[in-house]
Amino acid sequence: MASNKKILKKLAEELQIPFTGKDKMLHGVYRGYTVALEPHQTSSTRVMLLAFSVANESGPAPSEVWETMRAVLPQGGKISAKKYSVCLVIPVTANAAKSVQLLKNIIDGMLAKFSTYGYYNCDARGVQGPTDVYQVEDGFAFLNAESAVMMQQSLDKHREDAYVVRENYALGLLGAIGGGVLGALLIFLIARIGFVTTYAGIAMGAAVIYGYKWKGRKLSIISFLLCVAVSAAWIYLAFRVDMAMVIQASELSDHYYRASSFQSCFAHAKELMKWSGNMDTYYETLGKMMAFGMVGVLAFGFTEIQGQRKKYKMKKM
């Protein structure tokens, strides 16, 4: 399968746009318009995100102007407009030559559409003229020199406002515990029907992380570790309750006095499983519930921390 870098390199040659591959995206001026092309991988398809920023004397293009372009997009392709930005999602194939030709045809088709409707290249404020592509937090924007300064000033102001907001560990912990209750309940109910799934773990992670942020207002490395500990504690509790119910419903309750009640099964679960020669099952179930259950909190936590590191930052591509 052709790599994204190979496709972008060949397309850059076709468009006569410099491309080093360091930015992992292609951007530059083609026929008077700034073009930005970035590869993405969805769950099942590799796509290219193609973006422009255009306007005419009437302002930004309404979404219906681009409806006629849908017909030339391959299956699964999408096009959307948000103010001055026009973004296309274009699925690409394993064949580099075909992908490059498809992308060039679509770019040329878009530029022809711009010419038909009198749309000129503009920045994020609609100011006509040359623009550069900037990475702004998790996305990118088309900016000229003046709008870049204004964007940086706005980000700096938001950073200052966020800095004065103090993290509330106590309330955040309560929020995480509350979210953990919901997540653990879901994991427990799914375990009762005989399944262990990452979906429950993802739900647990979302509930704990965003439960913390809801009350704590921020997420730091320390609070992330607290969320991990809260998730682990609730998952372990769900495991112990599930194991106690399994033991009580088994033949152990007929042969061992410590399996006579739910409370006894809960308190002596490990001892009972060891006595019955089922420690492999005990550890296997515990391992699966912990592994699948912790996926969500780790994924959401890392994503949130990484997102905060990129927040309020911009750089010229």
# chains A, B, ... in the order shown; residues from 1 in each chain; ligands from 1
>>> residues_around(residues="segment 258-274 of chain A", least_positions_apart="5", cutoff="7 Å", atoms="only C-alpha atoms", output="list of chain:residue names")
A:Arg240, A:Val241, A:Met243, A:Ala244, A:Met245, A:Ile247, A:Gln248, A:Leu252, A:Ser253, A:Met279, A:Tyr282
>>> write_last_selection(atoms="N, CA and C atoms", output="PDB file, in the first residue's frame")
ATOM      1  N   ARG A 240     -15.079  -8.209  42.555  1.00  0.00           N
ATOM      2  CA  ARG A 240     -15.329  -8.955  43.798  1.00  0.00           C
ATOM      3  C   ARG A 240     -16.811  -9.254  43.976  1.00  0.00           C
ATOM      4  N   VAL A 241     -17.673  -8.293  43.651  1.00  0.00           N
ATOM      5  CA  VAL A 241     -19.115  -8.526  43.769  1.00  0.00           C
ATOM      6  C   VAL A 241     -19.556  -9.605  42.781  1.00  0.00           C
ATOM      7  N   MET A 243     -17.691 -11.957  41.446  1.00  0.00           N
ATOM      8  CA  MET A 243     -17.121 -13.245  41.872  1.00  0.00           C
ATOM      9  C   MET A 243     -17.910 -13.828  43.042  1.00  0.00           C
ATOM     10  N   ALA A 244     -18.322 -12.973  43.983  1.00  0.00           N
ATOM     11  CA  ALA A 244     -19.105 -13.454  45.118  1.00  0.00           C
ATOM     12  C   ALA A 244     -20.428 -14.048  44.665  1.00  0.00           C
ATOM     13  N   MET A 245     -21.067 -13.422  43.708  1.00  0.00           N
ATOM     14  CA  MET A 245     -22.345 -13.929  43.205  1.00  0.00           C
ATOM     15  C   MET A 245     -22.159 -15.241  42.454  1.00  0.00           C
ATOM     16  N   ILE A 247     -19.734 -17.455  43.066  1.00  0.00           N
ATOM     17  CA  ILE A 247     -19.434 -18.476  44.076  1.00  0.00           C
ATOM     18  C   ILE A 247     -20.699 -18.913  44.810  1.00  0.00           C
ATOM     19  N   GLN A 248     -21.525 -17.925  45.202  1.00  0.00           N
ATOM     20  CA  GLN A 248     -22.755 -18.261  45.941  1.00  0.00           C
ATOM     21  C   GLN A 248     -23.693 -19.126  45.110  1.00  0.00           C
ATOM     22  N   LEU A 252     -20.112 -24.616  45.642  1.00  0.00           N
ATOM     23  CA  LEU A 252     -19.329 -24.319  46.840  1.00  0.00           C
ATOM     24  C   LEU A 252     -20.216 -24.041  48.044  1.00  0.00           C
ATOM     25  N   SER A 253     -21.362 -23.425  47.783  1.00  0.00           N
ATOM     26  CA  SER A 253     -22.264 -23.072  48.882  1.00  0.00           C
ATOM     27  C   SER A 253     -22.797 -24.306  49.596  1.00  0.00           C
ATOM     28  N   MET A 279      -8.169 -21.035  41.063  1.00  0.00           N
ATOM     29  CA  MET A 279      -7.422 -19.783  41.098  1.00  0.00           C
ATOM     30  C   MET A 279      -7.093 -19.260  39.696  1.00  0.00           C
ATOM     31  N   TYR A 282      -9.976 -17.262  38.766  1.00  0.00           N
ATOM     32  CA  TYR A 282      -9.997 -16.039  39.576  1.00  0.00           C
ATOM     33  C   TYR A 282      -9.081 -14.974  38.965  1.00  0.00           C
TER      34      TYR A 282
END
>>> select_by_dssp(residues="segment 30-99 of chain A", states="alpha helix (DSSP H)", output="CSV table (one decimal) with all heavy atoms, in the first residue's frame")
chain,number,residue,atom,x,y,z
A,96,ALA,N,-0.9,4.7,-5.5
A,96,ALA,CA,-0.5,6.0,-5.4
A,96,ALA,C,-0.8,6.9,-6.6
A,96,ALA,O,-1.3,8.0,-6.4
A,96,ALA,CB,1.0,6.1,-5.1
A,97,ALA,N,-0.6,6.4,-7.8
A,97,ALA,CA,-0.9,7.1,-9.0
A,97,ALA,C,-2.3,7.5,-9.1
A,97,ALA,O,-2.7,8.6,-9.5
A,97,ALA,CB,-0.4,6.3,-10.2
A,98,LYS,N,-3.2,6.5,-8.8
A,98,LYS,CA,-4.6,6.8,-8.9
A,98,LYS,C,-5.1,7.8,-7.9
A,98,LYS,O,-5.9,8.7,-8.1
A,98,LYS,CB,-5.4,5.5,-8.8
A,98,LYS,CG,-5.3,4.6,-10.0
A,98,LYS,CD,-6.2,3.3,-9.8
A,98,LYS,CE,-6.1,2.4,-11.0
A,98,LYS,NZ,-7.0,1.2,-10.8
A,99,SER,N,-4.5,7.7,-6.7
A,99,SER,CA,-4.9,8.6,-5.6
A,99,SER,C,-4.4,10.0,-5.9
A,99,SER,O,-5.2,11.0,-5.7
A,99,SER,CB,-4.2,8.2,-4.3
A,99,SER,OG,-4.7,6.9,-3.8
>>> closest_atom_pairs(of="segment 107-180 of chain A", to="segment 36-42 of chain A", cutoff="9 Å", atoms="only C-alpha atoms", output="Markdown table")
| residue | atom | partner | partner_atom | distance |
| --- | --- | --- | --- | --- |
| A:Val133 | CA | A:Ala36 | CA | 7.4 |
| A:Phe140 | CA | A:Ala36 | CA | 8.9 |
| A:Phe142 | CA | A:Ala36 | CA | 8.9 |
>>> select_by_dssp(residues="segment 84-168 of chain A", states="strand (DSSP E or B)", output="ChimeraX atom specification")
/A:85-91,120-122,128,132-136,139-143
>>> closest_residue(among="A:Ser80, A:Thr68, A:Thr93, A:Ser223", to="Arg46 of chain A", atoms="only C-alpha atoms")
A:Thr93
>>> residues_around(residues="Gly59 of chain A", least_positions_apart="2", cutoff="9 Å", atoms="only C-alpha atoms", output="ChimeraX atom specification")
/A:54-57,61-62,83-84,126
>>> closest_residue(among="A:Ala191, A:Ala148, A:Met290, A:Val35", to="Pro18 of chain A", atoms="only C-alpha atoms")
A:Val35
>>> atom_distance(atom1="atom CA of Ile222 of chain A", atom2="atom CA of Gly179 of chain A")
17.8 Å
>>> residues_around(residues="Val65 of chain A", least_positions_apart="2", cutoff="12 Å", atoms="only C-alpha atoms", output="PDB file with N, CA and C atoms, in the first residue's frame")
ATOM      1  N   ALA A  55     -13.724  33.401  -0.151  1.00  0.00           N
ATOM      2  CA  ALA A  55     -14.880  34.286   0.002  1.00  0.00           C
ATOM      3  C   ALA A  55     -15.028  35.074  -1.291  1.00  0.00           C
ATOM      4  N   PRO A  60     -18.706  34.670   2.905  1.00  0.00           N
ATOM      5  CA  PRO A  60     -18.366  33.242   2.788  1.00  0.00           C
ATOM      6  C   PRO A  60     -19.375  32.493   1.927  1.00  0.00           C
ATOM      7  N   ALA A  61     -18.930  31.379   1.365  1.00  0.00           N
ATOM      8  CA  ALA A  61     -19.798  30.583   0.501  1.00  0.00           C
ATOM      9  C   ALA A  61     -20.814  29.819   1.334  1.00  0.00           C
ATOM     10  N   PRO A  62     -22.092  29.881   0.981  1.00  0.00           N
ATOM     11  CA  PRO A  62     -23.089  29.053   1.669  1.00  0.00           C
ATOM     12  C   PRO A  62     -22.867  27.581   1.317  1.00  0.00           C
ATOM     13  N   SER A  63     -23.265  26.692   2.201  1.00  0.00           N
ATOM     14  CA  SER A  63     -23.004  25.264   2.002  1.00  0.00           C
ATOM     15  C   SER A  63     -23.616  24.727   0.713  1.00  0.00           C
ATOM     16  N   GLU A  67     -22.757  21.813  -2.942  1.00  0.00           N
ATOM     17  CA  GLU A  67     -23.527  20.583  -3.126  1.00  0.00           C
ATOM     18  C   GLU A  67     -23.234  19.919  -4.468  1.00  0.00           C
ATOM     19  N   THR A  68     -23.036  20.732  -5.516  1.00  0.00           N
ATOM     20  CA  THR A  68     -22.800  20.164  -6.842  1.00  0.00           C
ATOM     21  C   THR A  68     -21.466  19.428  -6.922  1.00  0.00           C
ATOM     22  N   MET A  69     -20.566  19.685  -5.970  1.00  0.00           N
ATOM     23  CA  MET A  69     -19.264  19.012  -5.972  1.00  0.00           C
ATOM     24  C   MET A  69     -19.344  17.589  -5.432  1.00  0.00           C
ATOM     25  N   ARG A  70     -20.408  17.270  -4.715  1.00  0.00           N
ATOM     26  CA  ARG A  70     -20.520  15.937  -4.128  1.00  0.00           C
ATOM     27  C   ARG A  70     -20.480  14.843  -5.185  1.00  0.00           C
ATOM     28  N   ILE A  79     -18.100  16.786   1.885  1.00  0.00           N
ATOM     29  CA  ILE A  79     -17.689  18.177   1.739  1.00  0.00           C
ATOM     30  C   ILE A  79     -18.522  19.030   2.689  1.00  0.00           C
ATOM     31  N   SER A  80     -17.866  19.951   3.354  1.00  0.00           N
ATOM     32  CA  SER A  80     -18.584  20.809   4.304  1.00  0.00           C
ATOM     33  C   SER A  80     -17.963  22.200   4.287  1.00  0.00           C
ATOM     34  N   ALA A  81     -18.764  23.182   4.649  1.00  0.00           N
ATOM     35  CA  ALA A  81     -18.295  24.569   4.696  1.00  0.00           C
ATOM     36  C   ALA A  81     -18.593  25.149   6.070  1.00  0.00           C
ATOM     37  N   VAL A  86     -13.586  25.675   3.502  1.00  0.00           N
ATOM     38  CA  VAL A  86     -14.242  24.598   2.773  1.00  0.00           C
ATOM     39  C   VAL A  86     -13.377  23.355   2.962  1.00  0.00           C
ATOM     40  N   MET A 110     -12.337  22.128  -7.747  1.00  0.00           N
ATOM     41  CA  MET A 110     -12.689  23.132  -6.753  1.00  0.00           C
ATOM     42  C   MET A 110     -12.260  24.521  -7.203  1.00  0.00           C
ATOM     43  N   LYS A 113     -14.619  25.828  -9.642  1.00  0.00           N
ATOM     44  CA  LYS A 113     -15.836  26.278  -8.953  1.00  0.00           C
ATOM     45  C   LYS A 113     -15.615  27.656  -8.328  1.00  0.00           C
ATOM     46  N   PHE A 114     -14.435  27.863  -7.730  1.00  0.00           N
ATOM     47  CA  PHE A 114     -14.126  29.173  -7.157  1.00  0.00           C
ATOM     48  C   PHE A 114     -14.209  30.264  -8.237  1.00  0.00           C
ATOM     49  N   THR A 116     -15.883  30.200 -11.054  1.00  0.00           N
ATOM     50  CA  THR A 116     -17.269  30.365 -11.511  1.00  0.00           C
ATOM     51  C   THR A 116     -18.043  31.304 -10.592  1.00  0.00           C
ATOM     52  N   TYR A 117     -17.842  31.165  -9.284  1.00  0.00           N
ATOM     53  CA  TYR A 117     -18.605  31.946  -8.317  1.00  0.00           C
ATOM     54  C   TYR A 117     -17.850  33.178  -7.828  1.00  0.00           C
ATOM     55  N   GLY A 118     -16.686  33.440  -8.382  1.00  0.00           N
ATOM     56  CA  GLY A 118     -15.948  34.639  -8.006  1.00  0.00           C
ATOM     57  C   GLY A 118     -15.346  34.596  -6.614  1.00  0.00           C
ATOM     58  N   TYR A 119     -14.958  33.396  -6.152  1.00  0.00           N
ATOM     59  CA  TYR A 119     -14.386  33.277  -4.813  1.00  0.00           C
ATOM     60  C   TYR A 119     -12.880  33.441  -4.865  1.00  0.00           C
TER      61      TYR A 119
END
>>> closest_residue(among="A:Met317, A:Ile193, A:Val228, A:Ala94", to="Asp132 of chain A", atoms="only C-alpha atoms")
A:Met317
>>> atom_distance(atom1="atom CA of Ala184 of chain A", atom2="atom CA of Gln306 of chain A")
25.8 Å
